[in-house]
Amino acid sequence: MTPSALFRNQTAGTDPTEMKLEQIMDPARPLCKEEIIWMLEYIKKKVAEEDPNLMDLSQPRLLQNFRYFAEIALMLIQRRNGFDQEADRLKRWVQEASHGLYSPRSNRKS
């Protein structure tokens, strides 16, 4: 990244984590294995930190988040390749597993 691009990102108030989340959640982009693992680690970290956004979720919603987190983890364990064939489903699972932790910029207040 060039210094001017870095400056633009900092002045726009976008931190690297937000940028990564925007990239992963972009419906037009396919996910790679490294991004899926990054997302699982991000969710795990937020749960360990007892993120307030998660604390506001109902117990049924938290169970849904966990269900999709587990589905993603099992997919990683059981399938060495094949993310291309299930890209849409996997993208939806990532969105469901991270529910409450991520909201697209268009849904955020300025």
# chains A, B, ... in the order shown; residues from 1 in each chain; ligands from 1
call {"tool": "closest_atom_pairs", "arguments": {"of": "stretch 36-78 of chain A", "to": "stretch 20-28 of chain A", "cutoff": "10 Å", "atoms": "only C-alpha atoms", "output": "CSV"}}
result
residue,atom,partner,partner_atom,distance
A:Ile36,CA,A:Ile24,CA,8.2
A:Trp38,CA,A:Lys20,CA,9.3
A:Met39,CA,A:Leu21,CA,8.1
A:Tyr42,CA,A:Leu21,CA,9.5
call {"tool": "select_by_dssp", "arguments": {"residues": "stretch 13-108 of chain A", "states": "alpha helix (DSSP H)", "output": "number ranges by chain"}}
result
A: 16-25, 33-48, 52-55, 59-78, 87-97
call {"tool": "write_last_selection", "arguments": {"atoms": "C-alpha atoms", "output": "JSON list (two decimals), in the first residue's frame"}}
result
[["chain", "number", "residue", "atom", "x", "y", "z"],
["A", 16, "PRO", "CA", -7.39, -2.53, 8.94],
["A", 17, "THR", "CA", -9.89, -4.83, 10.68],
["A", 18, "GLU", "CA", -12.85, -2.94, 9.22],
["A", 19, "MET", "CA", -11.25, -3.04, 5.80],
["A", 20, "LYS", "CA", -10.72, -6.80, 6.11],
["A", 21, "LEU", "CA", -14.33, -7.32, 7.22],
["A", 22, "GLU", "CA", -15.63, -5.23, 4.31],
["A", 23, "GLN", "CA", -13.53, -7.30, 1.93],
["A", 24, "ILE", "CA", -14.66, -10.64, 3.37],
["A", 25, "MET", "CA", -18.33, -9.65, 3.49],
["A", 33, "LYS", "CA", -9.48, -20.45, 2.99],
["A", 34, "GLU", "CA", -7.24, -17.91, 4.75],
["A", 35, "GLU", "CA", -10.11, -15.39, 4.93],
["A", 36, "ILE", "CA", -12.44, -18.00, 6.37],
["A", 37, "ILE", "CA", -9.90, -18.90, 9.04],
["A", 38, "TRP", "CA", -9.31, -15.19, 9.76],
["A", 39, "MET", "CA", -13.04, -14.72, 10.22],
["A", 40, "LEU", "CA", -13.33, -17.67, 12.62],
["A", 41, "GLU", "CA", -10.42, -16.28, 14.65],
["A", 42, "TYR", "CA", -12.05, -12.83, 14.66],
["A", 43, "ILE", "CA", -15.33, -14.27, 15.95],
["A", 44, "LYS", "CA", -13.51, -16.34, 18.58],
["A", 45, "LYS", "CA", -11.65, -13.23, 19.77],
["A", 46, "LYS", "CA", -14.86, -11.20, 20.01],
["A", 47, "VAL", "CA", -16.56, -13.95, 22.02],
["A", 48, "ALA", "CA", -13.54, -14.24, 24.36],
["A", 52, "PRO", "CA", -20.96, -5.84, 23.93],
["A", 53, "ASN", "CA", -22.53, -6.34, 20.49],
["A", 54, "LEU", "CA", -22.79, -10.05, 21.22],
["A", 55, "MET", "CA", -24.13, -9.44, 24.72],
["A", 59, "GLN", "CA", -29.90, -16.58, 23.34],
["A", 60, "PRO", "CA", -31.59, -18.12, 20.25],
["A", 61, "ARG", "CA", -29.59, -15.75, 18.01],
["A", 62, "LEU", "CA", -26.34, -16.63, 19.80],
["A", 63, "LEU", "CA", -27.11, -20.31, 19.25],
["A", 64, "GLN", "CA", -27.63, -19.58, 15.56],
["A", 65, "ASN", "CA", -24.27, -17.79, 15.42],
["A", 66, "PHE", "CA", -22.62, -20.81, 17.04],
["A", 67, "ARG", "CA", -24.35, -23.21, 14.68],
["A", 68, "TYR", "CA", -22.95, -21.43, 11.63],
["A", 69, "PHE", "CA", -19.52, -21.04, 13.26],
["A", 70, "ALA", "CA", -19.49, -24.82, 13.78],
["A", 71, "GLU", "CA", -20.69, -25.51, 10.21],
["A", 72, "ILE", "CA", -17.81, -23.42, 8.84],
["A", 73, "ALA", "CA", -15.28, -25.13, 11.09],
["A", 74, "LEU", "CA", -16.51, -28.58, 10.08],
["A", 75, "MET", "CA", -16.39, -27.63, 6.41],
["A", 76, "LEU", "CA", -12.75, -26.64, 6.86],
["A", 77, "ILE", "CA", -11.96, -29.91, 8.62],
["A", 78, "GLN", "CA", -13.84, -32.23, 6.27],
["A", 87, "ALA", "CA", -19.07, -20.23, -2.23],
["A", 88, "ASP", "CA", -22.58, -18.79, -1.84],
["A", 89, "ARG", "CA", -23.48, -21.06, 1.06],
["A", 90, "LEU", "CA", -20.16, -20.39, 2.77],
["A", 91, "LYS", "CA", -20.55, -16.62, 2.38],
["A", 92, "ARG", "CA", -24.02, -16.83, 3.97],
["A", 93, "TRP", "CA", -22.66, -18.96, 6.83],
["A", 94, "VAL", "CA", -19.91, -16.41, 7.52],
["A", 95, "GLN", "CA", -22.51, -13.64, 7.61],
["A", 96, "GLU", "CA", -24.69, -15.65, 9.99],
["A", 97, "ALA", "CA", -21.80, -16.65, 12.27]]
